[in-house]
file target16.txt (compact mmCIF, N, CA and C atoms)
# COMPACT_ATOMS: atom_id res chain seq x y z
N MET R 1 40.02 -33.06 -7.86
CA MET R 1 38.78 -32.33 -8.04
C MET R 1 39.11 -30.89 -8.40
N VAL R 2 38.44 -30.34 -9.41
CA VAL R 2 38.67 -28.97 -9.85
C VAL R 2 37.50 -28.10 -9.40
N TYR R 3 37.80 -26.95 -8.81
CA TYR R 3 36.77 -26.03 -8.35
C TYR R 3 36.85 -24.74 -9.13
N ASN R 4 35.70 -24.14 -9.34
CA ASN R 4 35.61 -22.83 -9.95
C ASN R 4 36.36 -21.85 -9.06
N ILE R 5 37.11 -20.93 -9.65
CA ILE R 5 37.89 -20.00 -8.83
C ILE R 5 37.01 -19.06 -8.02
N TYR R 6 35.72 -18.91 -8.38
CA TYR R 6 34.81 -18.04 -7.64
C TYR R 6 34.18 -18.76 -6.46
N MET R 7 34.29 -20.07 -6.42
CA MET R 7 33.60 -20.85 -5.40
C MET R 7 34.40 -20.83 -4.10
N LYS R 8 33.76 -20.42 -3.03
CA LYS R 8 34.38 -20.46 -1.73
C LYS R 8 33.83 -21.69 -1.01
N ILE R 9 34.70 -22.43 -0.40
CA ILE R 9 34.32 -23.66 0.29
C ILE R 9 34.20 -23.34 1.78
N TYR R 10 33.10 -23.79 2.39
CA TYR R 10 32.84 -23.59 3.81
C TYR R 10 32.88 -24.94 4.50
N SER R 11 33.00 -24.92 5.81
CA SER R 11 33.01 -26.19 6.54
C SER R 11 32.39 -26.00 7.91
N ASN R 12 31.94 -27.12 8.45
CA ASN R 12 31.53 -27.18 9.84
C ASN R 12 32.17 -28.43 10.43
N ASN R 13 31.70 -28.92 11.54
CA ASN R 13 32.35 -30.05 12.19
C ASN R 13 32.36 -31.33 11.35
N HIS R 14 31.38 -31.49 10.47
CA HIS R 14 31.21 -32.76 9.79
C HIS R 14 31.20 -32.69 8.27
N SER R 15 31.32 -31.49 7.69
CA SER R 15 31.22 -31.43 6.23
C SER R 15 31.93 -30.21 5.66
N VAL R 16 32.19 -30.31 4.38
CA VAL R 16 32.73 -29.21 3.59
C VAL R 16 31.71 -28.96 2.49
N PHE R 17 31.39 -27.69 2.23
CA PHE R 17 30.29 -27.42 1.32
C PHE R 17 30.38 -26.04 0.69
N SER R 18 29.67 -25.88 -0.40
CA SER R 18 29.49 -24.60 -1.06
C SER R 18 28.10 -24.64 -1.68
N LEU R 19 27.10 -24.22 -0.93
CA LEU R 19 25.70 -24.33 -1.34
C LEU R 19 25.11 -22.93 -1.54
N TYR R 20 24.99 -22.55 -2.78
CA TYR R 20 24.41 -21.26 -3.14
C TYR R 20 23.09 -21.50 -3.87
N TYR R 21 22.11 -20.63 -3.57
CA TYR R 21 20.79 -20.73 -4.19
C TYR R 21 20.34 -19.37 -4.69
N HIS R 22 19.62 -19.40 -5.79
CA HIS R 22 18.99 -18.21 -6.34
C HIS R 22 17.49 -18.39 -6.15
N LEU R 23 16.90 -17.56 -5.32
CA LEU R 23 15.48 -17.63 -4.99
C LEU R 23 14.76 -16.45 -5.61
N ILE R 24 13.63 -16.74 -6.25
CA ILE R 24 12.80 -15.69 -6.83
C ILE R 24 11.41 -15.81 -6.20
N LEU R 25 10.98 -14.75 -5.54
CA LEU R 25 9.66 -14.70 -4.93
C LEU R 25 8.83 -13.65 -5.66
N VAL R 26 7.60 -14.03 -6.00
CA VAL R 26 6.73 -13.18 -6.79
C VAL R 26 5.51 -12.81 -5.95
N THR R 27 5.05 -11.57 -6.10
CA THR R 27 3.84 -11.16 -5.40
C THR R 27 2.63 -11.89 -6.00
N LYS R 28 1.60 -12.06 -5.19
CA LYS R 28 0.38 -12.74 -5.63
C LYS R 28 -0.19 -12.01 -6.84
N TYR R 29 -0.46 -12.75 -7.89
CA TYR R 29 -0.95 -12.22 -9.17
C TYR R 29 -0.07 -11.10 -9.72
N ARG R 30 1.20 -11.18 -9.35
CA ARG R 30 2.21 -10.22 -9.82
C ARG R 30 1.78 -8.76 -9.62
N LYS R 31 1.13 -8.52 -8.49
CA LYS R 31 0.74 -7.14 -8.15
C LYS R 31 2.01 -6.29 -8.04
N GLN R 32 1.98 -5.11 -8.60
CA GLN R 32 3.15 -4.24 -8.67
C GLN R 32 3.22 -3.34 -7.44
N VAL R 33 3.73 -3.91 -6.35
CA VAL R 33 3.70 -3.20 -5.08
C VAL R 33 5.08 -3.04 -4.43
N ILE R 34 6.12 -3.56 -5.05
CA ILE R 34 7.44 -3.50 -4.42
C ILE R 34 8.20 -2.28 -4.93
N ASN R 35 8.48 -1.38 -4.01
CA ASN R 35 9.32 -0.23 -4.32
C ASN R 35 10.61 -0.36 -3.51
N ASP R 36 11.48 0.62 -3.57
CA ASP R 36 12.77 0.53 -2.88
C ASP R 36 12.60 0.38 -1.37
N SER R 37 11.69 1.13 -0.79
CA SER R 37 11.45 1.09 0.65
C SER R 37 10.96 -0.29 1.09
N ILE R 38 10.00 -0.84 0.38
CA ILE R 38 9.48 -2.16 0.72
C ILE R 38 10.54 -3.22 0.49
N SER R 39 11.29 -3.10 -0.59
CA SER R 39 12.36 -4.06 -0.86
C SER R 39 13.40 -4.05 0.27
N ASN R 40 13.78 -2.87 0.72
CA ASN R 40 14.76 -2.78 1.82
C ASN R 40 14.22 -3.43 3.08
N ARG R 41 12.94 -3.23 3.36
CA ARG R 41 12.34 -3.86 4.55
C ARG R 41 12.26 -5.36 4.38
N LEU R 42 11.89 -5.84 3.19
CA LEU R 42 11.87 -7.28 2.92
C LEU R 42 13.26 -7.89 3.11
N LYS R 43 14.27 -7.16 2.69
CA LYS R 43 15.66 -7.62 2.85
C LYS R 43 16.03 -7.70 4.32
N ASP R 44 15.66 -6.69 5.10
CA ASP R 44 15.93 -6.72 6.55
C ASP R 44 15.26 -7.91 7.22
N ILE R 45 14.03 -8.18 6.83
CA ILE R 45 13.30 -9.31 7.40
C ILE R 45 13.99 -10.62 7.00
N PHE R 46 14.43 -10.71 5.76
CA PHE R 46 15.15 -11.90 5.29
C PHE R 46 16.38 -12.15 6.18
N CYS R 47 17.15 -11.11 6.41
CA CYS R 47 18.37 -11.25 7.23
C CYS R 47 18.02 -11.67 8.66
N TYR R 48 16.93 -11.15 9.19
CA TYR R 48 16.52 -11.51 10.54
C TYR R 48 16.09 -12.98 10.62
N VAL R 49 15.24 -13.41 9.72
CA VAL R 49 14.73 -14.79 9.74
C VAL R 49 15.85 -15.79 9.40
N SER R 50 16.73 -15.42 8.49
CA SER R 50 17.76 -16.35 8.02
C SER R 50 18.74 -16.77 9.10
N LYS R 51 18.91 -15.96 10.13
CA LYS R 51 19.85 -16.30 11.21
C LYS R 51 19.51 -17.63 11.86
N ASN R 52 18.23 -17.93 11.98
CA ASN R 52 17.79 -19.17 12.63
C ASN R 52 17.96 -20.40 11.73
N TYR R 53 18.31 -20.19 10.47
CA TYR R 53 18.38 -21.30 9.51
C TYR R 53 19.78 -21.48 8.91
N HIS R 54 20.77 -20.82 9.45
CA HIS R 54 22.15 -20.90 8.94
C HIS R 54 22.21 -20.50 7.46
N ILE R 55 21.56 -19.40 7.15
CA ILE R 55 21.52 -18.87 5.79
C ILE R 55 22.15 -17.48 5.79
N ASP R 56 22.97 -17.23 4.78
CA ASP R 56 23.63 -15.93 4.64
C ASP R 56 23.26 -15.31 3.30
N LEU R 57 22.81 -14.07 3.34
CA LEU R 57 22.45 -13.33 2.14
C LEU R 57 23.71 -12.91 1.40
N GLU R 58 23.73 -13.14 0.10
CA GLU R 58 24.86 -12.73 -0.74
C GLU R 58 24.49 -11.56 -1.64
N GLU R 59 23.28 -11.57 -2.18
CA GLU R 59 22.85 -10.49 -3.08
C GLU R 59 21.33 -10.39 -3.04
N TRP R 60 20.84 -9.17 -3.21
CA TRP R 60 19.39 -8.91 -3.17
C TRP R 60 19.06 -7.81 -4.18
N ASN R 61 17.97 -8.00 -4.90
CA ASN R 61 17.44 -6.91 -5.71
C ASN R 61 15.98 -7.21 -6.00
N HIS R 62 15.31 -6.23 -6.57
CA HIS R 62 13.87 -6.38 -6.80
C HIS R 62 13.44 -5.71 -8.09
N ASP R 63 12.26 -6.10 -8.52
CA ASP R 63 11.53 -5.41 -9.56
C ASP R 63 10.19 -5.06 -8.91
N ILE R 64 9.26 -4.52 -9.64
CA ILE R 64 8.02 -4.05 -9.03
C ILE R 64 7.09 -5.17 -8.56
N ASP R 65 7.34 -6.40 -9.02
CA ASP R 65 6.46 -7.51 -8.64
C ASP R 65 7.20 -8.76 -8.17
N HIS R 66 8.50 -8.68 -7.97
CA HIS R 66 9.25 -9.85 -7.49
C HIS R 66 10.60 -9.42 -6.92
N VAL R 67 11.20 -10.35 -6.16
CA VAL R 67 12.54 -10.14 -5.64
C VAL R 67 13.44 -11.29 -6.07
N HIS R 68 14.71 -10.98 -6.25
CA HIS R 68 15.74 -11.97 -6.55
C HIS R 68 16.67 -12.00 -5.34
N ILE R 69 16.97 -13.20 -4.88
CA ILE R 69 17.80 -13.36 -3.69
C ILE R 69 18.85 -14.42 -3.97
N LEU R 70 20.10 -14.08 -3.75
CA LEU R 70 21.18 -15.07 -3.80
C LEU R 70 21.62 -15.31 -2.37
N PHE R 71 21.56 -16.55 -1.94
CA PHE R 71 21.97 -16.86 -0.57
C PHE R 71 22.75 -18.16 -0.54
N ARG R 72 23.47 -18.36 0.57
CA ARG R 72 24.15 -19.63 0.77
C ARG R 72 23.66 -20.24 2.08
N SER R 73 23.75 -21.55 2.14
CA SER R 73 23.25 -22.24 3.32
C SER R 73 24.16 -23.39 3.71
N HIS R 74 23.83 -24.00 4.83
CA HIS R 74 24.53 -25.18 5.32
C HIS R 74 23.81 -26.43 4.82
N PRO R 75 24.49 -27.56 4.79
CA PRO R 75 23.87 -28.80 4.31
C PRO R 75 22.65 -29.23 5.10
N ASN R 76 22.59 -28.91 6.38
CA ASN R 76 21.46 -29.35 7.20
C ASN R 76 20.29 -28.37 7.23
N THR R 77 20.35 -27.32 6.43
CA THR R 77 19.28 -26.32 6.39
C THR R 77 18.08 -26.87 5.63
N ASN R 78 16.91 -26.75 6.24
CA ASN R 78 15.66 -27.11 5.57
C ASN R 78 15.20 -25.88 4.79
N ILE R 79 15.55 -25.84 3.51
CA ILE R 79 15.32 -24.65 2.69
C ILE R 79 13.84 -24.33 2.55
N SER R 80 13.01 -25.33 2.28
CA SER R 80 11.58 -25.04 2.08
C SER R 80 10.94 -24.54 3.38
N LYS R 81 11.36 -25.05 4.51
CA LYS R 81 10.84 -24.57 5.80
C LYS R 81 11.24 -23.11 6.01
N PHE R 82 12.48 -22.79 5.66
CA PHE R 82 12.94 -21.41 5.77
C PHE R 82 12.13 -20.49 4.86
N ILE R 83 11.95 -20.88 3.60
CA ILE R 83 11.23 -20.03 2.64
C ILE R 83 9.81 -19.77 3.14
N ASN R 84 9.15 -20.81 3.62
CA ASN R 84 7.78 -20.62 4.13
C ASN R 84 7.76 -19.71 5.35
N ALA R 85 8.73 -19.87 6.24
CA ALA R 85 8.80 -19.00 7.42
C ALA R 85 9.05 -17.55 7.00
N TYR R 86 9.95 -17.36 6.05
CA TYR R 86 10.24 -16.00 5.58
C TYR R 86 9.02 -15.37 4.91
N LYS R 87 8.38 -16.10 4.02
CA LYS R 87 7.22 -15.55 3.31
C LYS R 87 6.11 -15.18 4.29
N SER R 88 5.87 -16.02 5.27
CA SER R 88 4.82 -15.75 6.26
C SER R 88 5.16 -14.51 7.08
N CYS R 89 6.36 -14.47 7.61
CA CYS R 89 6.79 -13.35 8.45
C CYS R 89 6.82 -12.04 7.66
N SER R 90 7.42 -12.06 6.48
CA SER R 90 7.54 -10.82 5.71
C SER R 90 6.18 -10.31 5.25
N SER R 91 5.30 -11.21 4.86
CA SER R 91 3.96 -10.80 4.44
C SER R 91 3.22 -10.10 5.58
N ARG R 92 3.27 -10.71 6.74
CA ARG R 92 2.59 -10.15 7.91
C ARG R 92 3.16 -8.78 8.28
N LEU R 93 4.48 -8.66 8.31
CA LEU R 93 5.10 -7.40 8.71
C LEU R 93 4.92 -6.30 7.67
N ILE R 94 5.04 -6.63 6.41
CA ILE R 94 4.88 -5.61 5.36
C ILE R 94 3.46 -5.04 5.40
N LYS R 95 2.47 -5.90 5.53
CA LYS R 95 1.08 -5.41 5.58
C LYS R 95 0.82 -4.58 6.83
N LYS R 96 1.49 -4.91 7.91
CA LYS R 96 1.33 -4.14 9.15
C LYS R 96 2.04 -2.78 9.05
N GLU R 97 3.25 -2.78 8.50
CA GLU R 97 4.06 -1.56 8.45
C GLU R 97 3.70 -0.64 7.26
N TYR R 98 3.09 -1.21 6.24
CA TYR R 98 2.67 -0.43 5.07
C TYR R 98 1.18 -0.72 4.84
N PRO R 99 0.31 -0.21 5.69
CA PRO R 99 -1.12 -0.56 5.61
C PRO R 99 -1.78 -0.20 4.27
N SER R 100 -1.27 0.81 3.58
CA SER R 100 -1.88 1.19 2.30
C SER R 100 -1.67 0.13 1.23
N ILE R 101 -0.73 -0.76 1.44
CA ILE R 101 -0.46 -1.79 0.44
C ILE R 101 -1.60 -2.81 0.35
N LYS R 102 -2.34 -2.97 1.43
CA LYS R 102 -3.40 -3.99 1.47
C LYS R 102 -4.42 -3.81 0.36
N GLU R 103 -4.78 -2.57 0.04
CA GLU R 103 -5.80 -2.34 -0.98
C GLU R 103 -5.31 -2.69 -2.39
N LYS R 104 -4.00 -2.81 -2.56
CA LYS R 104 -3.45 -3.16 -3.87
C LYS R 104 -3.24 -4.66 -4.04
N LEU R 105 -3.39 -5.41 -2.97
CA LEU R 105 -3.17 -6.85 -3.00
C LEU R 105 -4.46 -7.59 -3.28
N TYR R 106 -4.33 -8.83 -3.67
CA TYR R 106 -5.49 -9.70 -3.88
C TYR R 106 -5.83 -10.37 -2.55
N LYS R 107 -6.97 -10.03 -1.96
CA LYS R 107 -7.41 -10.58 -0.68
C LYS R 107 -6.30 -10.52 0.39
N GLU R 108 -5.52 -9.48 0.32
CA GLU R 108 -4.44 -9.22 1.27
C GLU R 108 -3.31 -10.24 1.22
N PHE R 109 -3.23 -11.07 0.18
CA PHE R 109 -2.09 -11.98 0.01
C PHE R 109 -0.93 -11.19 -0.57
N PHE R 110 0.22 -11.29 0.06
CA PHE R 110 1.38 -10.57 -0.47
C PHE R 110 2.15 -11.43 -1.47
N TRP R 111 2.58 -12.63 -1.06
CA TRP R 111 3.37 -13.50 -1.92
C TRP R 111 2.51 -14.53 -2.64
N SER R 112 2.94 -14.89 -3.82
CA SER R 112 2.38 -16.05 -4.51
C SER R 112 2.74 -17.28 -3.70
N GLN R 113 1.91 -18.30 -3.77
CA GLN R 113 2.19 -19.53 -3.03
C GLN R 113 3.45 -20.22 -3.57
N SER R 114 3.70 -20.10 -4.84
CA SER R 114 4.85 -20.77 -5.45
C SER R 114 6.09 -19.89 -5.38
N PHE R 115 7.23 -20.49 -5.66
CA PHE R 115 8.49 -19.76 -5.72
C PHE R 115 9.42 -20.50 -6.67
N CYS R 116 10.48 -19.84 -7.08
CA CYS R 116 11.50 -20.44 -7.93
C CYS R 116 12.79 -20.50 -7.13
N LEU R 117 13.35 -21.70 -7.00
CA LEU R 117 14.60 -21.89 -6.28
C LEU R 117 15.55 -22.63 -7.20
N LEU R 118 16.70 -22.04 -7.47
CA LEU R 118 17.68 -22.62 -8.37
C LEU R 118 19.00 -22.79 -7.64
N SER R 119 19.61 -23.94 -7.80
CA SER R 119 20.97 -24.08 -7.29
C SER R 119 21.87 -23.37 -8.29
N THR R 120 23.01 -22.91 -7.86
CA THR R 120 23.85 -22.09 -8.72
C THR R 120 25.02 -22.87 -9.30
N GLY R 121 25.01 -24.17 -9.21
CA GLY R 121 26.09 -24.97 -9.77
C GLY R 121 26.23 -24.74 -11.27
N GLY R 122 27.46 -24.68 -11.74
CA GLY R 122 27.70 -24.51 -13.16
C GLY R 122 27.80 -23.06 -13.60
N THR R 123 27.36 -22.13 -12.81
CA THR R 123 27.46 -20.71 -13.13
C THR R 123 28.22 -20.02 -12.02
N SER R 124 29.11 -19.15 -12.39
CA SER R 124 29.87 -18.45 -11.35
C SER R 124 28.94 -17.53 -10.57
N ILE R 125 29.23 -17.37 -9.32
CA ILE R 125 28.45 -16.50 -8.44
C ILE R 125 28.47 -15.07 -8.98
N GLU R 126 29.58 -14.65 -9.58
CA GLU R 126 29.68 -13.28 -10.10
C GLU R 126 28.67 -13.04 -11.22
N VAL R 127 28.45 -14.03 -12.08
CA VAL R 127 27.47 -13.89 -13.16
C VAL R 127 26.07 -13.74 -12.58
N ILE R 128 25.75 -14.53 -11.57
CA ILE R 128 24.43 -14.46 -10.95
C ILE R 128 24.26 -13.13 -10.22
N LYS R 129 25.30 -12.68 -9.52
CA LYS R 129 25.24 -11.39 -8.84
C LYS R 129 24.98 -10.27 -9.83
N GLU R 130 25.67 -10.30 -10.96
CA GLU R 130 25.48 -9.26 -11.97
C GLU R 130 24.05 -9.27 -12.51
N TYR R 131 23.52 -10.46 -12.74
CA TYR R 131 22.13 -10.58 -13.21
C TYR R 131 21.16 -9.98 -12.20
N ILE R 132 21.34 -10.31 -10.92
CA ILE R 132 20.45 -9.80 -9.88
C ILE R 132 20.59 -8.28 -9.74
N GLU R 133 21.81 -7.77 -9.82
CA GLU R 133 22.04 -6.33 -9.70
C GLU R 133 21.31 -5.54 -10.78
N THR R 134 21.09 -6.13 -11.95
CA THR R 134 20.46 -5.40 -13.05
C THR R 134 18.94 -5.55 -13.07
N GLN R 135 18.38 -6.29 -12.14
CA GLN R 135 16.92 -6.48 -12.12
C GLN R 135 16.22 -5.16 -11.84
N GLY R 136 15.13 -4.93 -12.55
CA GLY R 136 14.32 -3.74 -12.31
C GLY R 136 14.79 -2.48 -13.01
N MET R 137 15.91 -2.55 -13.69
CA MET R 137 16.42 -1.32 -14.34
C MET R 137 15.49 -0.83 -15.44
N LYS R 138 14.74 -1.71 -16.08
CA LYS R 138 13.78 -1.29 -17.11
C LYS R 138 12.62 -0.54 -16.49
N HIS R 139 12.34 -0.81 -15.23
CA HIS R 139 11.15 -0.27 -14.57
C HIS R 139 11.48 0.71 -13.46
N ASP R 140 12.66 1.29 -13.44
CA ASP R 140 13.05 2.18 -12.35
C ASP R 140 12.00 3.23 -12.06
N ASN R 141 11.34 3.75 -13.07
CA ASN R 141 10.33 4.80 -12.86
C ASN R 141 9.03 4.22 -12.29
N LYS R 142 8.84 2.92 -12.37
CA LYS R 142 7.60 2.30 -11.93
C LYS R 142 7.71 1.71 -10.53
N LYS R 143 8.87 1.79 -9.89
CA LYS R 143 9.05 1.21 -8.56
C LYS R 143 8.40 2.10 -7.52
N SER R 144 7.10 2.05 -7.43
CA SER R 144 6.40 2.85 -6.42
C SER R 144 5.14 2.15 -6.00
N VAL R 145 4.68 2.52 -4.83
CA VAL R 145 3.43 1.96 -4.29
C VAL R 145 2.40 3.04 -4.19
call {"tool": "encode", "arguments": {"input": "target16.txt", "output": "C-alpha cells"}}
result
Amino acid sequence: MVYNIYMKIYSNNHSVFSLYYHLILVTKYRKQVINDSISNRLKDIFCYVSKNYHIDLEEWNHDIDHVHILFRSHPNTNISKFINAYKSCSSRLIKKEYPSIKEKLYKEFFWSQSFCLLSTGGTSIEVIKEYIETQGMKHDNKKSV
C-alpha cells in the first residue's frame, strides 16, 4: 500500500486511520457578519465542543459569510451529530456574546441549515491548508460587523 507523504496515520486500540475533513459552514442567507473577533470565538467554541467527539482542528479561516475548517476525526465519530452540536452551541453563544449581531441576522438564525463536508482523500493536506489560509483575502476590508 502506498501512502501520500503528507498523510499521518493514527491508531487506537482497534484501528489505524487517517480521516481528514474539510467543513464549510455558511451564515443564514449568507449574512455578512463574521469578522476576525467572531471567527476567533467560533474557533474557540469549535475546539471546546470537538473534545467530546474525538475531533482535532487542523486549520481554520473565515470570510465575511462563511468559515472553512479542516479537522481530523476517529472512525467512531458521528460527524453529523458533532456538526449539529457545534452549530447549535456556537449560534447560541455568538448571539449572547455579540448581541448587536442579532439585528443583522435573519430571524436571529446564525448558521444556514445546510453545510458542506468534504473528505480530503486524493488531495494533500498542505494544499487544503493553503486554500483555507487564503480565504477572505479579497474581502479583508469588509470583515466587520
call {"tool": "closest_residue", "arguments": {"input": "target16.txt", "among": "R:Ile83, R:Ile45, R:Val67, R:Leu57", "to": "Thr27 of chain R", "atoms": "only N, CA and C atoms"}}
result
R:Val67
call {"tool": "residues_around", "arguments": {"input": "target16.txt", "residues": "Ser90 of chain R", "least_positions_apart": "3", "cutoff": "9 Å", "atoms": "only C-alpha atoms", "output": "list in words"}}
result
Arg41, Leu42, Ile45, Phe46, Ala85, Tyr86, Lys87, Leu93, Ile94, Lys95 and Phe110 of chain R
call {"tool": "closest_residue", "arguments": {"input": "target16.txt", "among": "R:Ile132, R:Phe82, R:Val33, R:Arg72", "to": "Lys104 of chain R", "atoms": "all atoms listed in the file"}}
result
R:Val33
call {"tool": "closest_residue", "arguments": {"input": "target16.txt", "among": "R:Ser112, R:Ile125, R:His74, R:Ile79", "to": "Phe17 of chain R", "atoms": "only N, CA and C atoms"}}
result
R:His74
call {"tool": "atom_distance", "arguments": {"input": "target16.txt", "atom1": "atom C of Lys8 of chain R", "atom2": "atom CA of His22 of chain R"}}
result
16.1 Å
call {"tool": "closest_residue", "arguments": {"input": "target16.txt", "among": "R:Lys96, R:Phe115, R:Asp65, R:Ile9", "to": "Leu25 of chain R", "atoms": "only C-alpha atoms"}}
result
R:Phe115
call {"tool": "residues_around", "arguments": {"input": "target16.txt", "residues": "Leu19 of chain R", "least_positions_apart": "4", "cutoff": "9 Å", "atoms": "only C-alpha atoms", "output": "list in words"}}
result
Ile9, Tyr10, Phe71, Arg72, Ser73, His74, Pro75, Ser119, Thr120 and Gly121 of chain R
call {"tool": "closest_residue", "arguments": {"input": "target16.txt", "among": "R:Glu108, R:Asp63, R:Glu133, R:Glu103", "to": "Ile34 of chain R", "atoms": "all atoms listed in the file"}}
result
R:Asp63
call {"tool": "closest_residue", "arguments": {"input": "target16.txt", "among": "R:Ile24, R:Ser124, R:Tyr53, R:Phe109", "to": "Arg92 of chain R", "atoms": "only C-alpha atoms"}}
result
R:Phe109
